[in-house]
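Pasted below: work17.cif, mmCIF, N, CA and C atoms.
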```
data_upload
loop_
_atom_site.group_PDB
_atom_site.id
_atom_site.type_symbol
_atom_site.label_atom_id
_atom_site.label_comp_id
_atom_site.auth_asym_id
_atom_site.auth_seq_id
_atom_site.Cartn_x
_atom_site.Cartn_y
_atom_site.Cartn_z
ATOM 1 N N MET A 24 14.390 -2.861 12.078
ATOM 2 C CA MET A 24 14.276 -2.816 10.624
ATOM 3 C C MET A 24 15.541 -2.159 10.057
ATOM 4 N N PRO A 25 16.131 -2.758 9.022
ATOM 5 C CA PRO A 25 17.342 -2.173 8.439
ATOM 6 C C PRO A 25 17.022 -0.852 7.738
ATOM 7 N N VAL A 26 18.051 -0.035 7.598
ATOM 8 C CA VAL A 26 17.893 1.236 6.892
ATOM 9 C C VAL A 26 17.712 0.929 5.412
ATOM 10 N N LEU A 27 16.673 1.510 4.830
ATOM 11 C CA LEU A 27 16.383 1.273 3.413
ATOM 12 C C LEU A 27 17.009 2.379 2.576
ATOM 13 N N ASP A 28 17.519 2.009 1.399
ATOM 14 C CA ASP A 28 18.210 2.935 0.517
ATOM 15 C C ASP A 28 17.378 3.152 -0.743
ATOM 16 N N ILE A 29 17.181 4.398 -1.116
ATOM 17 C CA ILE A 29 16.389 4.715 -2.301
ATOM 18 C C ILE A 29 17.016 4.118 -3.565
ATOM 19 N N ALA A 30 18.322 3.886 -3.544
ATOM 20 C CA ALA A 30 18.992 3.273 -4.691
ATOM 21 C C ALA A 30 18.509 1.841 -4.922
ATOM 22 N N ASP A 31 17.984 1.204 -3.873
ATOM 23 C CA ASP A 31 17.482 -0.172 -3.983
ATOM 24 C C ASP A 31 15.996 -0.235 -4.340
ATOM 25 N N CYS A 32 15.367 0.903 -4.441
ATOM 26 C CA CYS A 32 13.923 0.977 -4.683
ATOM 27 C C CYS A 32 13.580 0.419 -6.070
ATOM 28 N N ILE A 33 12.545 -0.403 -6.154
ATOM 29 C CA ILE A 33 12.157 -1.024 -7.427
ATOM 30 C C ILE A 33 11.281 -0.121 -8.291
ATOM 31 N N ASN A 34 10.793 0.989 -7.739
ATOM 32 C CA ASN A 34 9.952 1.897 -8.512
ATOM 33 C C ASN A 34 10.476 3.324 -8.394
ATOM 34 N N GLU A 35 10.255 4.118 -9.431
ATOM 35 C CA GLU A 35 10.696 5.512 -9.426
ATOM 36 C C GLU A 35 9.564 6.467 -9.069
ATOM 37 N N THR A 36 8.330 6.012 -9.260
ATOM 38 C CA THR A 36 7.181 6.867 -8.969
ATOM 39 C C THR A 36 6.250 6.175 -7.985
ATOM 40 N N CYS A 37 5.557 6.969 -7.214
ATOM 41 C CA CYS A 37 4.618 6.481 -6.212
ATOM 42 C C CYS A 37 3.456 5.769 -6.909
ATOM 43 N N PRO A 38 3.121 4.551 -6.470
ATOM 44 C CA PRO A 38 2.005 3.835 -7.086
ATOM 45 C C PRO A 38 0.650 4.500 -6.840
ATOM 46 N N TRP A 39 0.543 5.360 -5.842
ATOM 47 C CA TRP A 39 -0.726 6.028 -5.542
ATOM 48 C C TRP A 39 -0.854 7.343 -6.299
ATOM 49 N N SER A 40 0.214 8.169 -6.291
ATOM 50 C CA SER A 40 0.098 9.514 -6.855
ATOM 51 C C SER A 40 0.785 9.698 -8.199
ATOM 52 N N GLY A 41 1.747 8.839 -8.509
ATOM 53 C CA GLY A 41 2.513 9.005 -9.746
ATOM 54 C C GLY A 41 3.673 9.982 -9.604
ATOM 55 N N LYS A 42 3.840 10.559 -8.407
ATOM 56 C CA LYS A 42 4.937 11.492 -8.152
ATOM 57 C C LYS A 42 6.219 10.718 -7.848
ATOM 58 N N PRO A 43 7.382 11.365 -7.984
ATOM 59 C CA PRO A 43 8.655 10.685 -7.676
ATOM 60 C C PRO A 43 8.705 10.205 -6.221
ATOM 61 N N VAL A 44 9.346 9.050 -6.011
ATOM 62 C CA VAL A 44 9.485 8.514 -4.656
ATOM 63 C C VAL A 44 10.499 9.346 -3.880
ATOM 64 N N GLN A 45 10.345 9.329 -2.551
ATOM 65 C CA GLN A 45 11.217 10.083 -1.654
ATOM 66 C C GLN A 45 11.904 9.123 -0.692
ATOM 67 N N ALA A 46 13.119 9.467 -0.304
ATOM 68 C CA ALA A 46 13.921 8.612 0.585
ATOM 69 C C ALA A 46 13.274 8.407 1.949
ATOM 70 N N ASP A 47 12.425 9.333 2.393
ATOM 71 C CA ASP A 47 11.787 9.187 3.704
ATOM 72 C C ASP A 47 10.494 8.382 3.651
ATOM 73 N N SER A 48 10.190 7.816 2.480
ATOM 74 C CA SER A 48 8.924 7.097 2.304
ATOM 75 C C SER A 48 9.147 5.745 1.642
ATOM 76 N N LEU A 49 10.047 4.966 2.210
ATOM 77 C CA LEU A 49 10.383 3.640 1.695
ATOM 78 C C LEU A 49 9.897 2.562 2.648
ATOM 79 N N THR A 50 9.575 1.400 2.093
ATOM 80 C CA THR A 50 9.236 0.241 2.902
ATOM 81 C C THR A 50 9.753 -1.002 2.203
ATOM 82 N N GLU A 51 9.807 -2.085 2.931
ATOM 83 C CA GLU A 51 10.175 -3.368 2.339
ATOM 84 C C GLU A 51 8.903 -4.182 2.185
ATOM 85 N N PHE A 52 8.687 -4.693 0.987
ATOM 86 C CA PHE A 52 7.513 -5.511 0.708
ATOM 87 C C PHE A 52 7.961 -6.742 -0.050
ATOM 88 N N GLU A 53 7.738 -7.906 0.553
ATOM 89 C CA GLU A 53 8.104 -9.200 -0.041
ATOM 90 C C GLU A 53 9.546 -9.208 -0.535
ATOM 91 N N GLY A 54 10.442 -8.656 0.293
ATOM 92 C CA GLY A 54 11.866 -8.686 0.002
ATOM 93 C C GLY A 54 12.366 -7.595 -0.924
ATOM 94 N N HIS A 55 11.521 -6.649 -1.288
ATOM 95 C CA HIS A 55 11.910 -5.566 -2.199
ATOM 96 C C HIS A 55 11.658 -4.210 -1.546
ATOM 97 N N VAL A 56 12.485 -3.231 -1.880
ATOM 98 C CA VAL A 56 12.285 -1.871 -1.391
ATOM 99 C C VAL A 56 11.313 -1.176 -2.344
ATOM 100 N N VAL A 57 10.219 -0.678 -1.771
ATOM 101 C CA VAL A 57 9.185 0.016 -2.529
ATOM 102 C C VAL A 57 9.114 1.441 -2.001
ATOM 103 N N GLY A 58 9.000 2.414 -2.922
ATOM 104 C CA GLY A 58 8.984 3.807 -2.523
ATOM 105 C C GLY A 58 7.666 4.503 -2.794
ATOM 106 N N PHE A 59 7.438 5.574 -2.032
ATOM 107 C CA PHE A 59 6.231 6.395 -2.143
ATOM 108 C C PHE A 59 6.636 7.851 -2.133
ATOM 109 N N CYS A 60 5.722 8.732 -2.533
ATOM 110 C CA CYS A 60 6.046 10.152 -2.637
ATOM 111 C C CYS A 60 6.057 10.854 -1.283
ATOM 112 N N ASN A 61 5.377 10.297 -0.297
ATOM 113 C CA ASN A 61 5.347 10.908 1.036
ATOM 114 C C ASN A 61 4.919 9.847 2.054
ATOM 115 N N PRO A 62 5.119 10.121 3.332
ATOM 116 C CA PRO A 62 4.761 9.143 4.369
ATOM 117 C C PRO A 62 3.268 8.786 4.378
ATOM 118 N N ASP A 63 2.394 9.690 3.959
ATOM 119 C CA ASP A 63 0.958 9.376 3.926
ATOM 120 C C ASP A 63 0.657 8.267 2.926
ATOM 121 N N CYS A 64 1.285 8.321 1.749
ATOM 122 C CA CYS A 64 1.066 7.257 0.764
ATOM 123 C C CYS A 64 1.646 5.933 1.259
ATOM 124 N N LEU A 65 2.772 5.995 1.958
ATOM 125 C CA LEU A 65 3.357 4.793 2.550
ATOM 126 C C LEU A 65 2.397 4.174 3.555
ATOM 127 N N GLU A 66 1.823 5.002 4.429
ATOM 128 C CA GLU A 66 0.861 4.498 5.421
ATOM 129 C C GLU A 66 -0.377 3.929 4.736
ATOM 130 N N GLN A 67 -0.819 4.568 3.681
ATOM 131 C CA GLN A 67 -1.973 4.095 2.910
ATOM 132 C C GLN A 67 -1.696 2.702 2.338
ATOM 133 N N PHE A 68 -0.489 2.499 1.818
ATOM 134 C CA PHE A 68 -0.081 1.201 1.286
ATOM 135 C C PHE A 68 -0.101 0.145 2.391
ATOM 136 N N GLU A 69 0.450 0.480 3.550
ATOM 137 C CA GLU A 69 0.494 -0.478 4.654
ATOM 138 C C GLU A 69 -0.912 -0.832 5.142
ATOM 139 N N ARG A 70 -1.819 0.139 5.160
ATOM 140 C CA ARG A 70 -3.213 -0.147 5.537
ATOM 141 C C ARG A 70 -3.871 -1.064 4.502
ATOM 142 N N ALA A 71 -3.617 -0.808 3.237
ATOM 143 C CA ALA A 71 -4.202 -1.637 2.181
ATOM 144 C C ALA A 71 -3.709 -3.083 2.299
ATOM 145 N N ILE A 72 -2.421 -3.254 2.559
ATOM 146 C CA ILE A 72 -1.867 -4.601 2.727
ATOM 147 C C ILE A 72 -2.573 -5.321 3.872
ATOM 148 N N GLN A 73 -2.769 -4.634 4.997
ATOM 149 C CA GLN A 73 -3.433 -5.242 6.144
ATOM 150 C C GLN A 73 -4.855 -5.673 5.783
ATOM 151 N N HIS A 74 -5.569 -4.836 5.059
ATOM 152 C CA HIS A 74 -6.939 -5.164 4.657
ATOM 153 C C HIS A 74 -6.965 -6.399 3.752
ATOM 154 N N PHE A 75 -6.067 -6.425 2.768
ATOM 155 C CA PHE A 75 -6.061 -7.555 1.844
ATOM 156 C C PHE A 75 -5.607 -8.840 2.529
ATOM 157 N N ARG A 76 -4.634 -8.747 3.418
ATOM 158 C CA ARG A 76 -4.199 -9.951 4.145
ATOM 159 C C ARG A 76 -5.329 -10.494 5.015
ATOM 160 N N ALA A 77 -6.095 -9.607 5.634
ATOM 161 C CA ALA A 77 -7.237 -10.044 6.443
ATOM 162 C C ALA A 77 -8.293 -10.702 5.565
ATOM 163 N N ALA A 78 -8.537 -10.130 4.390
ATOM 164 C CA ALA A 78 -9.515 -10.705 3.472
ATOM 165 C C ALA A 78 -9.059 -12.081 2.986
ATOM 166 N N ILE A 79 -7.770 -12.206 2.670
ATOM 167 C CA ILE A 79 -7.226 -13.492 2.219
ATOM 168 C C ILE A 79 -7.328 -14.521 3.339
ATOM 169 N N ALA A 80 -7.022 -14.122 4.559
ATOM 170 C CA ALA A 80 -7.118 -15.042 5.696
ATOM 171 C C ALA A 80 -8.551 -15.530 5.855
ATOM 172 N N GLY A 81 -9.522 -14.664 5.626
ATOM 173 C CA GLY A 81 -10.926 -15.055 5.707
ATOM 174 C C GLY A 81 -11.307 -16.048 4.630
ATOM 175 N N VAL A 82 -10.745 -15.901 3.433
ATOM 176 C CA VAL A 82 -11.026 -16.816 2.325
ATOM 177 C C VAL A 82 -10.361 -18.165 2.571
ATOM 178 N N GLU A 83 -9.136 -18.131 3.095
ATOM 179 C CA GLU A 83 -8.403 -19.371 3.339
ATOM 180 C C GLU A 83 -8.929 -20.131 4.549
ATOM 181 N N ASN A 84 -9.645 -19.463 5.434
ATOM 182 C CA ASN A 84 -10.169 -20.082 6.639
ATOM 183 C C ASN A 84 -11.663 -19.749 6.766
ATOM 184 N N PRO A 85 -12.481 -20.214 5.822
ATOM 185 C CA PRO A 85 -13.890 -19.823 5.833
ATOM 186 C C PRO A 85 -14.652 -20.311 7.064
ATOM 187 N N ALA A 86 -14.247 -21.412 7.668
ATOM 188 C CA ALA A 86 -14.963 -21.908 8.846
ATOM 189 C C ALA A 86 -14.829 -20.940 10.009
ATOM 190 N N GLY A 87 -13.684 -20.305 10.148
ATOM 191 C CA GLY A 87 -13.454 -19.375 11.243
ATOM 192 C C GLY A 87 -13.990 -17.983 10.969
ATOM 193 N N ALA A 88 -14.236 -17.671 9.706
ATOM 194 C CA ALA A 88 -14.668 -16.307 9.371
ATOM 195 C C ALA A 88 -15.740 -16.338 8.295
ATOM 196 N N ALA A 89 -16.653 -17.302 8.369
ATOM 197 C CA ALA A 89 -17.656 -17.459 7.322
ATOM 198 C C ALA A 89 -18.486 -16.209 7.118
ATOM 199 N N GLY A 90 -19.013 -15.637 8.191
ATOM 200 C CA GLY A 90 -19.843 -14.446 8.043
ATOM 201 C C GLY A 90 -19.032 -13.185 7.864
ATOM 202 N N SER A 91 -17.863 -13.121 8.499
ATOM 203 C CA SER A 91 -17.105 -11.881 8.443
ATOM 204 C C SER A 91 -16.092 -11.859 7.315
ATOM 205 N N GLY A 92 -15.777 -13.001 6.690
ATOM 206 C CA GLY A 92 -14.798 -13.016 5.614
ATOM 207 C C GLY A 92 -15.200 -12.140 4.454
ATOM 208 N N GLY A 93 -16.460 -12.254 4.029
ATOM 209 C CA GLY A 93 -16.926 -11.417 2.934
ATOM 210 C C GLY A 93 -16.960 -9.971 3.340
ATOM 211 N N GLU A 94 -17.404 -9.704 4.548
ATOM 212 C CA GLU A 94 -17.437 -8.324 5.024
ATOM 213 C C GLU A 94 -16.023 -7.758 5.072
ATOM 214 N N GLY A 95 -15.078 -8.563 5.557
ATOM 215 C CA GLY A 95 -13.696 -8.093 5.638
ATOM 216 C C GLY A 95 -13.145 -7.773 4.268
ATOM 217 N N GLY A 96 -13.492 -8.613 3.287
ATOM 218 C CA GLY A 96 -13.038 -8.346 1.929
ATOM 219 C C GLY A 96 -13.600 -7.046 1.418
ATOM 220 N N ALA A 97 -14.890 -6.822 1.641
ATOM 221 C CA ALA A 97 -15.493 -5.587 1.173
ATOM 222 C C ALA A 97 -14.901 -4.403 1.923
ATOM 223 N N SER A 98 -14.709 -4.574 3.220
ATOM 224 C CA SER A 98 -14.123 -3.501 4.015
ATOM 225 C C SER A 98 -12.705 -3.229 3.566
ATOM 226 N N GLY A 99 -11.951 -4.309 3.288
ATOM 227 C CA GLY A 99 -10.575 -4.129 2.846
ATOM 228 C C GLY A 99 -10.511 -3.359 1.547
ATOM 229 N N ALA A 100 -11.343 -3.708 0.590
ATOM 230 C CA ALA A 100 -11.329 -2.994 -0.679
ATOM 231 C C ALA A 100 -11.761 -1.554 -0.477
ATOM 232 N N GLY A 101 -12.763 -1.352 0.365
ATOM 233 C CA GLY A 101 -13.218 0.010 0.622
ATOM 234 C C GLY A 101 -12.155 0.817 1.329
ATOM 235 N N GLY A 102 -11.445 0.170 2.248
ATOM 236 C CA GLY A 102 -10.391 0.883 2.952
ATOM 237 C C GLY A 102 -9.288 1.319 2.009
ATOM 238 N N ALA A 103 -8.903 0.424 1.100
ATOM 239 C CA ALA A 103 -7.853 0.781 0.159
ATOM 240 C C ALA A 103 -8.345 1.876 -0.778
ATOM 241 N N SER A 104 -9.586 1.758 -1.218
ATOM 242 C CA SER A 104 -10.127 2.750 -2.127
ATOM 243 C C SER A 104 -10.275 4.091 -1.425
ATOM 244 N N GLY A 105 -10.775 4.063 -0.198
ATOM 245 C CA GLY A 105 -10.932 5.308 0.543
ATOM 246 C C GLY A 105 -9.590 5.968 0.785
ATOM 247 N N ALA A 106 -8.586 5.147 1.112
ATOM 248 C CA ALA A 106 -7.264 5.711 1.337
ATOM 249 C C ALA A 106 -6.730 6.295 0.042
ATOM 250 N N GLY A 107 -7.027 5.662 -1.092
ATOM 251 C CA GLY A 107 -6.587 6.191 -2.375
ATOM 252 C C GLY A 107 -7.171 7.560 -2.628
ATOM 253 N N GLY A 108 -8.413 7.767 -2.197
ATOM 254 C CA GLY A 108 -9.038 9.067 -2.369
ATOM 255 C C GLY A 108 -8.304 10.129 -1.576
ATOM 256 N N GLU A 109 -7.821 9.769 -0.384
ATOM 257 C CA GLU A 109 -7.088 10.735 0.425
ATOM 258 C C GLU A 109 -5.837 11.196 -0.296
ATOM 259 N N CYS A 110 -5.079 10.257 -0.833
ATOM 260 C CA CYS A 110 -3.858 10.630 -1.530
ATOM 261 C C CYS A 110 -4.216 11.351 -2.823
ATOM 262 N N GLY A 111 -5.314 10.918 -3.457
ATOM 263 C CA GLY A 111 -5.742 11.555 -4.683
ATOM 264 C C GLY A 111 -6.007 13.032 -4.481
ATOM 265 N N ALA A 112 -6.424 13.421 -3.270
ATOM 266 C CA ALA A 112 -6.691 14.830 -3.010
ATOM 267 C C ALA A 112 -5.412 15.642 -3.100
ATOM 268 N N SER A 113 -4.276 15.040 -2.699
ATOM 269 C CA SER A 113 -3.030 15.776 -2.757
ATOM 270 C C SER A 113 -2.282 15.548 -4.071
ATOM 271 N N GLY A 114 -2.635 14.515 -4.791
ATOM 272 C CA GLY A 114 -1.986 14.218 -6.068
ATOM 273 C C GLY A 114 -2.942 13.451 -6.946
ATOM 274 N N ALA A 115 -3.839 14.126 -7.599
ATOM 275 C CA ALA A 115 -4.930 13.490 -8.327
ATOM 276 C C ALA A 115 -4.452 12.551 -9.410
ATOM 277 N N GLY A 116 -3.244 12.711 -9.907
ATOM 278 C CA GLY A 116 -2.764 11.887 -11.011
ATOM 279 C C GLY A 116 -2.761 10.414 -10.714
ATOM 280 N N GLY A 117 -2.395 10.016 -9.509
ATOM 281 C CA GLY A 117 -2.220 8.593 -9.235
ATOM 282 C C GLY A 117 -3.440 7.916 -8.644
ATOM 283 N N ALA A 118 -4.440 8.663 -8.281
ATOM 284 C CA ALA A 118 -5.590 8.052 -7.627
ATOM 285 C C ALA A 118 -6.288 7.060 -8.535
ATOM 286 N N GLY A 119 -6.126 7.223 -9.840
ATOM 287 C CA GLY A 119 -6.749 6.306 -10.782
ATOM 288 C C GLY A 119 -6.067 4.958 -10.825
ATOM 289 N N GLY A 120 -4.879 4.835 -10.251
ATOM 290 C CA GLY A 120 -4.149 3.579 -10.266
ATOM 291 C C GLY A 120 -4.775 2.557 -9.343
ATOM 292 N N PRO A 121 -4.119 2.244 -8.245
ATOM 293 C CA PRO A 121 -4.624 1.216 -7.346
ATOM 294 C C PRO A 121 -6.000 1.531 -6.762
ATOM 295 N N ALA A 122 -6.285 2.795 -6.500
ATOM 296 C CA ALA A 122 -7.565 3.133 -5.872
ATOM 297 C C ALA A 122 -8.737 2.797 -6.794
ATOM 298 N N ALA A 123 -8.579 3.075 -8.094
ATOM 299 C CA ALA A 123 -9.679 2.821 -9.025
ATOM 300 C C ALA A 123 -9.977 1.332 -9.133
ATOM 301 N N SER A 124 -8.924 0.498 -9.075
ATOM 302 C CA SER A 124 -9.158 -0.933 -9.207
ATOM 303 C C SER A 124 -9.865 -1.494 -7.976
ATOM 304 N N GLY A 125 -9.800 -0.790 -6.847
ATOM 305 C CA GLY A 125 -10.463 -1.263 -5.637
ATOM 306 C C GLY A 125 -11.932 -0.910 -5.589
ATOM 307 N N SER A 126 -12.369 0.019 -6.448
ATOM 308 C CA SER A 126 -13.760 0.464 -6.389
ATOM 309 C C SER A 126 -14.659 -0.437 -7.167
#
```

Starting from the file, give its structure as structure tokens.
Amino acid sequence: MPVLDIADCINETCPWSGKPVQADSLTEFEGHVVGFCNPDCLEQFERAIQHFRAAIAGVENPAGAAGSGGEGGASGAGGASGAGGECGASGAGGAGGPAASGS
């Protein structure tokens, strides 16, 4: 993975906490550098992406995941929401953002 530069970051504040992004908490998402306030919020984002991608795969392939597709979607939303609560404990300001929409 190439070294990511905070100067290339598309956001100034963490989408989970609302705090300023840090150079040690960057990732590339769909060709853009996205920043977070700490590595925990970055990991939370990556877990949420995995949950949503699994849910989308279940919707796009209902024959292969008919019974588990809905469960995966619910689990994915719960996982993102639960992870939002974790970050909310350390920075309550941003928990209302993505985490609230998942509940």

Task: Between atom C of Asn84 in chain A and CA of Glu69 in chain A, distance in Å (one decimal) - done: 22.9 Å

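Among the candidates A:Glu51, A:Asp31, A:Pro38, A:Val82, the one nearest to Cys64 in chain A when counting only C-alpha atoms is A:Pro38.
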
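Distance-wise, atom N of Ile29 in chain A and CA of Ala71 in chain A end up 22.5 Å apart.
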
Task: Contact residues around range 46-48 of chain A with only C-alpha atoms at 7 Å, ignoring same-chain residues under 2 positions, as a PyMOL selection string - done: chain A and resi 29+44+50+58-62+65

Task: Interatomic distance (Å, one decimal) between CA of Arg70 in chain A and CA of Val26 in chain A - done: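 Going from CA of Arg70 in chain A over to CA of Val26 in chain A, I get 21.2 Å.
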